[in-house]
>>> print(open('model-v3.txt').read())   # compact mmCIF, C-alpha atoms (C1' of nucleotides) and all ligand atoms
# COMPACT_ATOMS: atom_id res chain seq x y z
CA MET N 129 110.74 177.42 81.40
CA THR N 130 111.62 174.52 79.17
CA GLY N 131 112.63 170.96 79.79
CA ASN N 132 110.76 170.49 83.05
CA SER N 133 108.75 167.53 81.75
CA PRO N 134 111.26 164.87 80.79
CA ASP N 135 110.18 162.40 78.18
CA PHE N 136 110.27 159.14 80.01
CA THR N 137 109.07 157.40 76.90
CA VAL N 138 112.48 158.00 75.43
CA SER N 139 114.54 156.83 78.39
CA LEU N 140 112.38 153.76 78.83
CA ARG N 141 112.79 152.79 75.21
CA ALA N 142 116.53 153.44 75.50
CA ALA N 143 116.53 150.93 78.35
CA GLY N 144 114.79 148.39 76.15
CA LEU N 145 111.50 148.73 78.00
CA ARG N 146 108.13 149.57 76.51
CA PRO N 147 106.83 152.84 77.87
CA THR N 148 103.67 151.42 79.36
CA ARG N 149 101.30 153.53 81.46
CA GLN N 150 102.58 151.87 84.62
CA ARG N 151 106.26 152.28 83.88
CA VAL N 152 105.85 155.90 82.86
CA ALA N 153 103.90 156.63 86.05
CA LEU N 154 106.60 154.96 88.14
CA ALA N 155 109.39 156.74 86.28
CA ARG N 156 107.68 160.08 86.92
CA VAL N 157 107.44 159.48 90.64
CA LEU N 158 111.02 158.27 90.75
CA PHE N 159 112.84 160.60 88.41
CA GLU N 160 111.14 163.95 88.23
CA GLY N 161 112.38 165.98 91.14
CA GLY N 162 115.55 165.25 93.07
CA HIS N 163 117.12 161.97 94.08
CA ARG N 164 114.95 159.48 95.95
CA HIS N 165 115.33 156.45 98.18
CA VAL N 166 112.22 154.31 98.03
CA THR N 167 111.07 150.89 99.07
CA ALA N 168 108.69 148.86 96.93
CA GLU N 169 105.89 149.55 99.40
CA SER N 170 106.54 153.28 99.64
CA LEU N 171 106.72 153.64 95.87
CA HIS N 172 103.54 151.65 95.47
CA ALA N 173 101.75 153.96 97.88
CA GLU N 174 103.06 157.04 96.06
CA VAL N 175 102.12 155.92 92.60
CA LYS N 176 98.66 154.85 93.72
CA ALA N 177 98.18 158.37 95.07
CA THR N 178 98.56 159.64 91.49
CA ARG N 179 95.45 157.59 90.70
CA MET N 180 97.28 155.41 88.22
CA PRO N 181 96.46 151.82 89.10
CA VAL N 182 99.67 149.79 89.47
CA SER N 183 99.94 146.44 91.19
CA LEU N 184 102.62 145.69 93.72
CA ALA N 185 103.94 142.96 91.41
CA THR N 186 104.50 145.58 88.72
CA VAL N 187 106.28 147.82 91.19
CA TYR N 188 108.69 144.99 91.98
CA ASN N 189 109.11 144.08 88.32
CA THR N 190 109.78 147.67 87.37
CA LEU N 191 112.22 148.33 90.19
CA ASN N 192 114.19 145.26 89.17
CA GLN N 193 114.12 146.22 85.49
CA PHE N 194 115.19 149.78 86.25
CA ARG N 195 118.00 148.44 88.41
CA GLU N 196 119.13 146.04 85.68
CA ALA N 197 119.05 148.94 83.22
CA GLY N 198 121.26 151.02 85.53
CA LEU N 199 118.55 153.57 86.24
CA LEU N 200 118.46 152.63 89.92
CA ARG N 201 120.80 151.09 92.43
CA GLU N 202 119.75 148.82 95.24
CA VAL N 203 120.83 149.67 98.77
CA VAL N 204 120.76 147.09 101.55
CA VAL N 205 121.14 148.57 105.00
CA ALA N 206 118.63 146.75 107.19
CA PRO N 207 117.42 143.18 107.28
CA GLY N 208 114.23 142.29 105.48
CA ARG N 209 113.77 145.08 102.96
CA SER N 210 115.56 146.74 100.07
CA TYR N 211 115.84 150.40 99.21
CA PHE N 212 116.10 151.61 95.64
CA ASP N 213 118.12 154.70 94.96
CA THR N 214 117.66 157.04 92.00
CA ASN N 215 121.15 158.39 92.57
CA THR N 216 123.35 156.04 90.58
CA GLY N 217 126.50 158.14 90.85
CA HIS N 218 129.24 157.70 93.41
CA HIS N 219 127.97 158.59 96.84
CA HIS N 220 127.44 157.17 100.29
CA HIS N 221 124.66 157.04 102.87
CA PHE N 222 123.51 158.09 106.25
CA PHE N 223 121.05 155.58 107.58
CA VAL N 224 118.82 156.77 110.41
CA GLU N 225 118.29 153.43 112.13
CA THR N 226 115.49 154.66 114.35
CA ASP N 227 113.19 155.57 111.49
CA GLY N 228 114.54 153.85 108.39
CA GLU N 229 115.51 157.04 106.52
CA LEU N 230 118.35 157.06 104.02
CA HIS N 231 120.23 160.24 103.06
CA ASP N 232 122.98 160.73 100.53
CA PHE N 233 126.29 162.31 101.01
CA PRO N 234 128.73 162.94 98.18
CA SER N 235 131.68 160.58 97.98
CA ASP N 236 134.05 163.38 97.07
CA GLU N 237 133.71 164.92 100.52
CA VAL N 238 135.03 161.76 102.07
CA THR N 239 138.47 160.28 101.61
CA ILE N 240 139.03 156.59 102.10
CA ALA N 241 142.70 155.74 102.22
CA GLY N 242 144.49 152.49 102.88
CA LEU N 243 141.87 150.01 101.74
CA PRO N 244 143.51 146.60 101.68
CA THR N 245 143.80 144.84 98.34
CA PRO N 246 140.87 142.55 97.49
CA PRO N 247 141.22 138.81 98.13
CA GLU N 248 143.07 136.77 95.48
CA GLY N 249 141.11 136.30 92.30
CA THR N 250 138.52 139.01 92.96
CA LYS N 251 138.07 142.43 91.45
CA LEU N 252 136.58 145.45 93.08
CA SER N 253 132.95 146.11 92.37
CA ARG N 254 132.00 148.96 94.69
CA VAL N 255 132.80 150.49 98.06
CA ASP N 256 129.82 151.32 100.25
CA VAL N 257 130.09 153.53 103.29
CA ILE N 258 127.07 153.49 105.58
CA VAL N 259 127.05 155.96 108.42
CA ARG N 260 124.50 154.67 110.89
CA VAL N 261 122.94 157.25 113.17
CA ARG N 262 120.07 157.25 115.69
CA ARG N 263 117.63 159.91 116.84
CA MET B 4 149.16 124.20 126.66
CA THR B 5 146.54 125.71 128.88
CA GLY B 6 143.39 127.68 128.21
CA ASN B 7 142.53 126.12 124.87
CA SER B 8 139.09 124.98 126.05
CA PRO B 9 137.27 128.13 127.10
CA ASP B 10 134.54 127.74 129.65
CA PHE B 11 131.48 128.87 127.76
CA THR B 12 129.40 128.14 130.83
CA VAL B 13 130.98 131.17 132.43
CA SER B 14 130.54 133.58 129.55
CA LEU B 15 126.97 132.47 128.99
CA ARG B 16 126.11 133.03 132.62
CA ALA B 17 127.87 136.40 132.47
CA ALA B 18 125.51 137.26 129.60
CA GLY B 19 122.52 136.30 131.72
CA LEU B 20 121.90 133.12 129.76
CA ARG B 21 121.66 129.61 131.12
CA PRO B 22 124.42 127.42 129.75
CA THR B 23 122.16 124.89 128.11
CA ARG B 24 123.47 122.07 125.95
CA GLN B 25 122.32 123.88 122.83
CA ARG B 26 123.82 127.23 123.70
CA VAL B 27 127.12 125.73 124.74
CA ALA B 28 127.29 123.75 121.48
CA LEU B 29 126.54 126.89 119.48
CA ALA B 30 129.07 128.95 121.45
CA ARG B 31 131.73 126.34 120.78
CA VAL B 32 131.15 126.40 117.04
CA LEU B 33 131.08 130.19 117.05
CA PHE B 34 133.82 131.14 119.47
CA GLU B 35 136.50 128.51 119.63
CA GLY B 36 138.86 129.15 116.79
CA GLY B 37 139.13 132.47 114.97
CA HIS B 38 136.53 134.97 113.98
CA ARG B 39 133.54 133.72 112.01
CA HIS B 40 130.79 135.06 109.79
CA VAL B 41 127.81 132.73 109.80
CA THR B 42 124.22 132.71 108.69
CA ALA B 43 121.52 131.00 110.72
CA GLU B 44 121.37 128.20 108.18
CA SER B 45 125.12 127.70 107.98
CA LEU B 46 125.46 127.64 111.76
CA HIS B 47 122.57 125.22 112.03
CA ALA B 48 124.29 122.88 109.58
CA GLU B 49 127.58 123.13 111.46
CA VAL B 50 126.17 122.48 114.88
CA LYS B 51 124.12 119.55 113.65
CA ALA B 52 127.34 118.06 112.30
CA THR B 53 128.60 117.91 115.90
CA ARG B 54 125.68 115.56 116.56
CA MET B 55 124.13 117.89 119.11
CA PRO B 56 120.47 118.23 118.17
CA VAL B 57 119.54 121.91 117.90
CA SER B 58 116.45 123.24 116.15
CA LEU B 59 116.61 126.11 113.70
CA ALA B 60 114.38 128.12 116.05
CA THR B 61 116.99 127.77 118.76
CA VAL B 62 119.72 128.85 116.37
CA TYR B 63 117.75 132.04 115.64
CA ASN B 64 116.94 132.60 119.31
CA THR B 65 120.55 132.11 120.31
CA LEU B 66 121.97 134.32 117.56
CA ASN B 67 119.63 137.10 118.64
CA GLN B 68 120.45 136.62 122.33
CA PHE B 69 124.19 136.59 121.63
CA ARG B 70 123.80 139.74 119.56
CA GLU B 71 121.80 141.46 122.31
CA ALA B 72 124.50 140.42 124.78
CA GLY B 73 127.18 141.98 122.59
CA LEU B 74 128.82 138.65 121.78
CA LEU B 75 127.95 138.96 118.09
CA ARG B 76 127.23 141.72 115.65
CA GLU B 77 124.80 141.48 112.77
CA VAL B 78 126.00 142.36 109.28
CA VAL B 79 123.58 143.13 106.47
CA VAL B 80 125.18 143.13 103.05
CA ALA B 81 122.75 141.33 100.78
CA PRO B 82 118.98 141.28 100.55
CA GLY B 83 117.12 138.50 102.31
CA ARG B 84 119.59 137.15 104.83
CA SER B 85 121.64 138.27 107.79
CA TYR B 86 125.20 137.39 108.70
CA PHE B 87 126.37 137.17 112.29
CA ASP B 88 129.91 138.15 113.07
CA THR B 89 131.95 136.92 116.02
CA ASN B 90 134.29 139.86 115.59
CA THR B 91 132.68 142.61 117.63
CA GLY B 92 135.61 145.00 117.47
CA HIS B 93 136.05 147.82 115.00
CA HIS B 94 136.61 146.42 111.55
CA HIS B 95 135.17 146.43 108.05
CA HIS B 96 134.26 143.88 105.39
CA PHE B 97 135.01 142.53 102.01
CA PHE B 98 131.90 140.98 100.55
CA VAL B 99 132.44 138.56 97.68
CA GLU B 100 129.14 139.11 95.90
CA THR B 101 129.51 136.12 93.61
CA ASP B 102 129.59 133.59 96.43
CA GLY B 103 128.29 135.33 99.54
CA GLU B 104 131.57 135.25 101.47
CA LEU B 105 132.41 137.87 104.06
CA HIS B 106 135.99 138.69 105.12
CA ASP B 107 137.22 141.11 107.72
CA PHE B 108 139.74 143.80 107.38
CA PRO B 109 141.00 145.89 110.28
CA SER B 110 139.60 149.40 110.51
CA ASP B 111 142.95 150.83 111.54
CA GLU B 112 144.44 150.14 108.11
CA VAL B 113 141.84 152.36 106.54
CA THR B 114 141.45 156.08 107.06
CA ILE B 115 138.11 157.72 106.52
CA ALA B 116 138.41 161.49 106.47
CA GLY B 117 135.87 164.19 105.79
CA LEU B 118 132.68 162.42 106.81
CA PRO B 119 129.91 165.00 106.86
CA THR B 120 128.23 165.74 110.17
CA PRO B 121 125.16 163.60 110.88
CA PRO B 122 121.70 165.06 110.21
CA GLU B 123 120.24 167.40 112.84
CA GLY B 124 119.14 165.61 115.97
CA THR B 125 120.96 162.35 115.29
CA LYS B 126 124.03 160.86 116.87
CA LEU B 127 126.51 158.55 115.27
CA SER B 128 126.03 154.89 115.91
CA ARG B 129 128.54 153.15 113.62
CA VAL B 130 130.33 153.52 110.31
CA ASP B 131 130.29 150.47 108.06
CA VAL B 132 132.57 150.12 105.07
CA ILE B 133 131.68 147.30 102.69
CA VAL B 134 134.10 146.59 99.90
CA ARG B 135 132.16 144.61 97.34
CA VAL B 136 134.20 142.38 95.05
CA ARG B 137 133.41 139.69 92.47
CA ARG B 138 135.23 136.60 91.27
C1' DC P 256 114.49 116.42 145.53
C1' DA P 257 110.52 119.54 144.68
C1' DA P 258 109.05 123.94 142.80
C1' DT P 259 109.93 127.42 139.67
C1' DA P 260 111.79 129.88 136.01
C1' DA P 261 114.05 129.49 131.85
C1' DC P 262 114.65 127.04 127.65
C1' DT P 263 113.81 124.20 123.35
C1' DT P 264 111.00 122.80 119.77
C1' DA P 265 107.67 121.63 115.85
C1' DG P 266 104.97 123.76 113.30
C1' DA P 267 102.27 127.81 112.20
C1' DA P 268 102.55 132.50 111.00
C1' DC P 269 104.59 136.47 109.05
C1' DG P 270 106.51 139.92 105.73
C1' DG P 271 109.01 140.98 101.80
C1' DT P 272 109.73 139.26 97.30
C1' DT P 273 109.14 136.31 93.25
C1' DC P 274 106.45 133.30 90.35
C1' DT P 275 102.47 131.65 87.51
C1' DA P 276 99.30 131.86 84.14
C1' DA P 277 95.67 134.37 82.09
C1' DG P 278 94.09 138.56 80.10
C1' DG P 279 95.49 143.24 78.30
C1' DT P 280 98.60 146.60 75.86
C1' DT P 281 102.01 148.05 72.68
C1' DC P 282 104.59 147.38 68.63
C1' DT P 283 105.46 145.78 63.86
C1' DT P 284 104.35 144.74 59.48
C1' DG P 285 101.81 145.09 55.34
C1' DC L 68 94.83 150.97 59.90
C1' DA L 69 94.13 145.88 60.86
C1' DA L 70 95.97 141.81 62.65
C1' DG L 71 99.43 139.12 64.56
C1' DA L 72 103.24 138.80 67.60
C1' DA L 73 105.70 140.28 71.39
C1' DC L 74 105.60 142.19 75.55
C1' DC L 75 103.41 143.65 79.84
C1' DT L 76 100.30 143.69 83.98
C1' DT L 77 97.98 141.41 87.47
C1' DA L 78 95.73 138.56 91.28
C1' DG L 79 96.85 135.31 93.85
C1' DA L 80 99.82 131.54 95.04
C1' DA L 81 104.31 130.33 96.28
C1' DC L 82 108.63 131.07 98.38
C1' DC L 83 112.11 131.90 101.86
C1' DG L 84 114.21 133.81 105.80
C1' DT L 85 112.73 134.88 110.24
C1' DT L 86 109.62 135.15 114.30
C1' DC L 87 105.89 133.45 117.09
C1' DT L 88 103.03 130.08 119.75
C1' DA L 89 102.19 126.80 122.90
C1' DA L 90 103.42 122.52 124.86
C1' DG L 91 106.94 119.66 126.73
C1' DT L 92 111.81 119.73 128.84
C1' DT L 93 115.79 121.20 131.49
C1' DA L 94 118.44 124.04 134.61
C1' DT L 95 118.48 126.34 138.95
C1' DT L 96 117.35 127.23 143.64
C1' DG L 97 116.53 126.00 148.21
MN MN J 301 115.41 140.25 90.44
MN MN J 302 115.23 139.82 117.37
ZN ZN J 303 121.65 157.33 97.70
ZN ZN J 304 133.53 140.80 110.44
>>> encode(input="model-v3.txt", output="structure tokens")
Amino acid sequence: MTGNSPDFTVSLRAAGLRPTRQRVALARVLFEGGHRHVTAESLHAEVKATRMPVSLATVYNTLNQFREAGLLREVVVAPGRSYFDTNTGHHHHFFVETDGELHDFPSDEVTIAGLPTPPEGTKLSRVDVIVRVRR
Amino acid sequence: MTGNSPDFTVSLRAAGLRPTRQRVALARVLFEGGHRHVTAESLHAEVKATRMPVSLATVYNTLNQFREAGLLREVVVAPGRSYFDTNTGHHHHFFVETDGELHDFPSDEVTIAGLPTPPEGTKLSRVDVIVRVRR
DNA sequence: CAATAACTTAGAACGGTTCTAAGGTTCTTG
DNA sequence: CAAGAACCTTAGAACCGTTCTAAGTTATTG
């Protein structure tokens, strides 16, 4: 059993961020284990449960820094709050509207054909597919 | 040339809403002419330009009532603000991230194949495709 | 025309997010 | 390793889009 305790110090430094106690604690919650979809509030609650004191302001700062560094992507599916997604590869989402849950599905299962060409003078940035479902 | 001045009084009453001065003014801005994508603020600015006094609270109330009546759909593409769409049929969106513009494209041009089945115990509500572009 | 129900509104409140500014931590350099 | 510099964290205020409250107004009904 090797390699089950990634060195977040390294990846933080690679992102140009000092590996502070708070950022390492947040990185652990976010990146050890499988892909996650968190809100600032939910991440704050989780990291506090590890008994590492982190303010909500730091959670927001860190989420934004991780996003800017390409470690996270932001997902906007409902008014009023953002989700942050540790899966930065190509994929799409189920959004369970009745309880606010987000689930991934791989983009290679789905085929999107016949997308019109972007408006004059614009270049494609990303295609998001959101499959909204209810319980 | 007939029928170029729709009777919003009728459609408002059909939606269970009294055709007040404010709602008729808002309906005119929204529904005469082609499809629109507005924010509360942008609609408020437009309706005020017609010299009909309407408060921002009424704009919000009316947008929500029109949405509940099925006259509008809400589109969430960016954090912090909602768009309201007069096109309630099946279609998808270009979102020009650099300037906040939304444009429709028909959903029958695009083919989405191989969508995974929704999670256990959920039923499909809608599929949104957002093509994000930048200038 | 009342009488009533529905509506509009200013301003307060709210909730998620960002900002400010002061103290603390991490890094660099010698 | 000490000290300075750079960077980071934080409480609380501010911000901004949206909703709520409560008081006055308007539309509808008979
Ligand atoms: Mn930011
Ligand atoms: Mn509402
Ligand atoms: Zn995801
Ligand atoms: Zn549209």
>>> interface_residues(input="model-v3.txt", of="chain N", to="chain B", cutoff="8 Å", atoms="only C-alpha atoms", output="VMD selection string")
chain N and resid 204 to 210 222 224 233 237 to 244 246 249 to 263
>>> residues_near_ligand(input="model-v3.txt", ligand="ligand MN 301 (chain J)", cutoff="12 Å", atoms="all atoms listed in the file", output="list in words")
Ala185, Val187, Tyr188, Asn189, Thr190, Leu191, Asn192, Gln193, Phe194, Arg195, Glu196, Ala197, Glu202 and Ser210 of chain N; Pro82 of chain B; DT272, DT273 and DC274 of chain P
>>> closest_atom_pairs(input="model-v3.txt", of="chain B", to="chain P", cutoff="8 Å", atoms="all atoms listed in the file", output="Markdown table")
| residue | atom | partner | partner_atom | distance |
| --- | --- | --- | --- | --- |
| B:Arg21 | CA | P:DA261 | C1' | 7.6 |
| B:Thr23 | CA | P:DC262 | C1' | 7.8 |
| B:Ser58 | CA | P:DT264 | C1' | 6.6 |
| B:Ala60 | CA | P:DT264 | C1' | 7.3 |
| B:Thr61 | CA | P:DT263 | C1' | 6.6 |
>>> closest_residue(input="model-v3.txt", among="L:DT77, L:DT95, L:DA90, L:DA69", to="chain B", atoms="all atoms listed in the file")
L:DT95
>>> atom_distance(input="model-v3.txt", atom1="CA of Arg24 (chain B)", atom2="CA of Glu104 (chain B)")
29.0 Å
>>> atom_distance(input="model-v3.txt", atom1="CA of Asn90 (chain B)", atom2="CA of Val57 (chain B)")
23.3 Å
>>> residues_around(input="model-v3.txt", residues="region 32-36 of chain B", least_positions_apart="2", cutoff="12 Å", atoms="only C-alpha atoms (C1' of nucleotides)", output="PDB file with C-alpha atoms, in the coordinates of the input")
ATOM      1  CA  GLY B   6     143.390 127.680 128.210  1.00  0.00           C
ATOM      2  CA  ASN B   7     142.530 126.120 124.870  1.00  0.00           C
ATOM      3  CA  SER B   8     139.090 124.980 126.050  1.00  0.00           C
ATOM      4  CA  PRO B   9     137.270 128.130 127.100  1.00  0.00           C
ATOM      5  CA  ASP B  10     134.540 127.740 129.650  1.00  0.00           C
ATOM      6  CA  PHE B  11     131.480 128.870 127.760  1.00  0.00           C
ATOM      7  CA  SER B  14     130.540 133.580 129.550  1.00  0.00           C
ATOM      8  CA  LEU B  15     126.970 132.470 128.990  1.00  0.00           C
ATOM      9  CA  GLN B  25     122.320 123.880 122.830  1.00  0.00           C
ATOM     10  CA  ARG B  26     123.820 127.230 123.700  1.00  0.00           C
ATOM     11  CA  VAL B  27     127.120 125.730 124.740  1.00  0.00           C
ATOM     12  CA  ALA B  28     127.290 123.750 121.480  1.00  0.00           C
ATOM     13  CA  LEU B  29     126.540 126.890 119.480  1.00  0.00           C
ATOM     14  CA  ALA B  30     129.070 128.950 121.450  1.00  0.00           C
ATOM     15  CA  HIS B  38     136.530 134.970 113.980  1.00  0.00           C
ATOM     16  CA  ARG B  39     133.540 133.720 112.010  1.00  0.00           C
ATOM     17  CA  HIS B  40     130.790 135.060 109.790  1.00  0.00           C
ATOM     18  CA  VAL B  41     127.810 132.730 109.800  1.00  0.00           C
ATOM     19  CA  THR B  42     124.220 132.710 108.690  1.00  0.00           C
ATOM     20  CA  ALA B  43     121.520 131.000 110.720  1.00  0.00           C
ATOM     21  CA  SER B  45     125.120 127.700 107.980  1.00  0.00           C
ATOM     22  CA  LEU B  46     125.460 127.640 111.760  1.00  0.00           C
ATOM     23  CA  HIS B  47     122.570 125.220 112.030  1.00  0.00           C
ATOM     24  CA  ALA B  48     124.290 122.880 109.580  1.00  0.00           C
ATOM     25  CA  GLU B  49     127.580 123.130 111.460  1.00  0.00           C
ATOM     26  CA  VAL B  50     126.170 122.480 114.880  1.00  0.00           C
ATOM     27  CA  LYS B  51     124.120 119.550 113.650  1.00  0.00           C
ATOM     28  CA  ALA B  52     127.340 118.060 112.300  1.00  0.00           C
ATOM     29  CA  THR B  53     128.600 117.910 115.900  1.00  0.00           C
ATOM     30  CA  MET B  55     124.130 117.890 119.110  1.00  0.00           C
ATOM     31  CA  VAL B  62     119.720 128.850 116.370  1.00  0.00           C
ATOM     32  CA  THR B  65     120.550 132.110 120.310  1.00  0.00           C
ATOM     33  CA  LEU B  66     121.970 134.320 117.560  1.00  0.00           C
ATOM     34  CA  PHE B  69     124.190 136.590 121.630  1.00  0.00           C
ATOM     35  CA  LEU B  74     128.820 138.650 121.780  1.00  0.00           C
ATOM     36  CA  LEU B  75     127.950 138.960 118.090  1.00  0.00           C
ATOM     37  CA  PHE B  87     126.370 137.170 112.290  1.00  0.00           C
ATOM     38  CA  ASP B  88     129.910 138.150 113.070  1.00  0.00           C
ATOM     39  CA  THR B  89     131.950 136.920 116.020  1.00  0.00           C
ATOM     40  CA  ASN B  90     134.290 139.860 115.590  1.00  0.00           C
ATOM     41  CA  THR B  91     132.680 142.610 117.630  1.00  0.00           C
TER      42      THR B  91
END
>>> atom_distance(input="model-v3.txt", atom1="atom MN of ligand MN 302 (chain J)", atom2="CA of Gly37 (chain B)")
25.1 Å
>>> interface_residues(input="model-v3.txt", of="chain L", to="chain B", cutoff="9 Å", atoms="all atoms listed in the file", output="PDB file with C-alpha atoms (C1' of nucleotides), in the frame of the given file")
ATOM      1  C1'  DC L  83     112.110 131.900 101.860  1.00  0.00           C
ATOM      2  C1'  DG L  84     114.210 133.810 105.800  1.00  0.00           C
ATOM      3  C1'  DT L  85     112.730 134.880 110.240  1.00  0.00           C
ATOM      4  C1'  DT L  86     109.620 135.150 114.300  1.00  0.00           C
ATOM      5  C1'  DT L  93     115.790 121.200 131.490  1.00  0.00           C
ATOM      6  C1'  DA L  94     118.440 124.040 134.610  1.00  0.00           C
TER       7       DA L  94
END
>>> axis_aligned_box(input="model-v3.txt", around="region 76-86 of chain L", padding_each_side="3 Å", output="JSON")
{"center_x": 105.0, "center_y": 137.0, "center_z": 99.1, "size_x": 24.5, "size_y": 19.4, "size_z": 36.3}
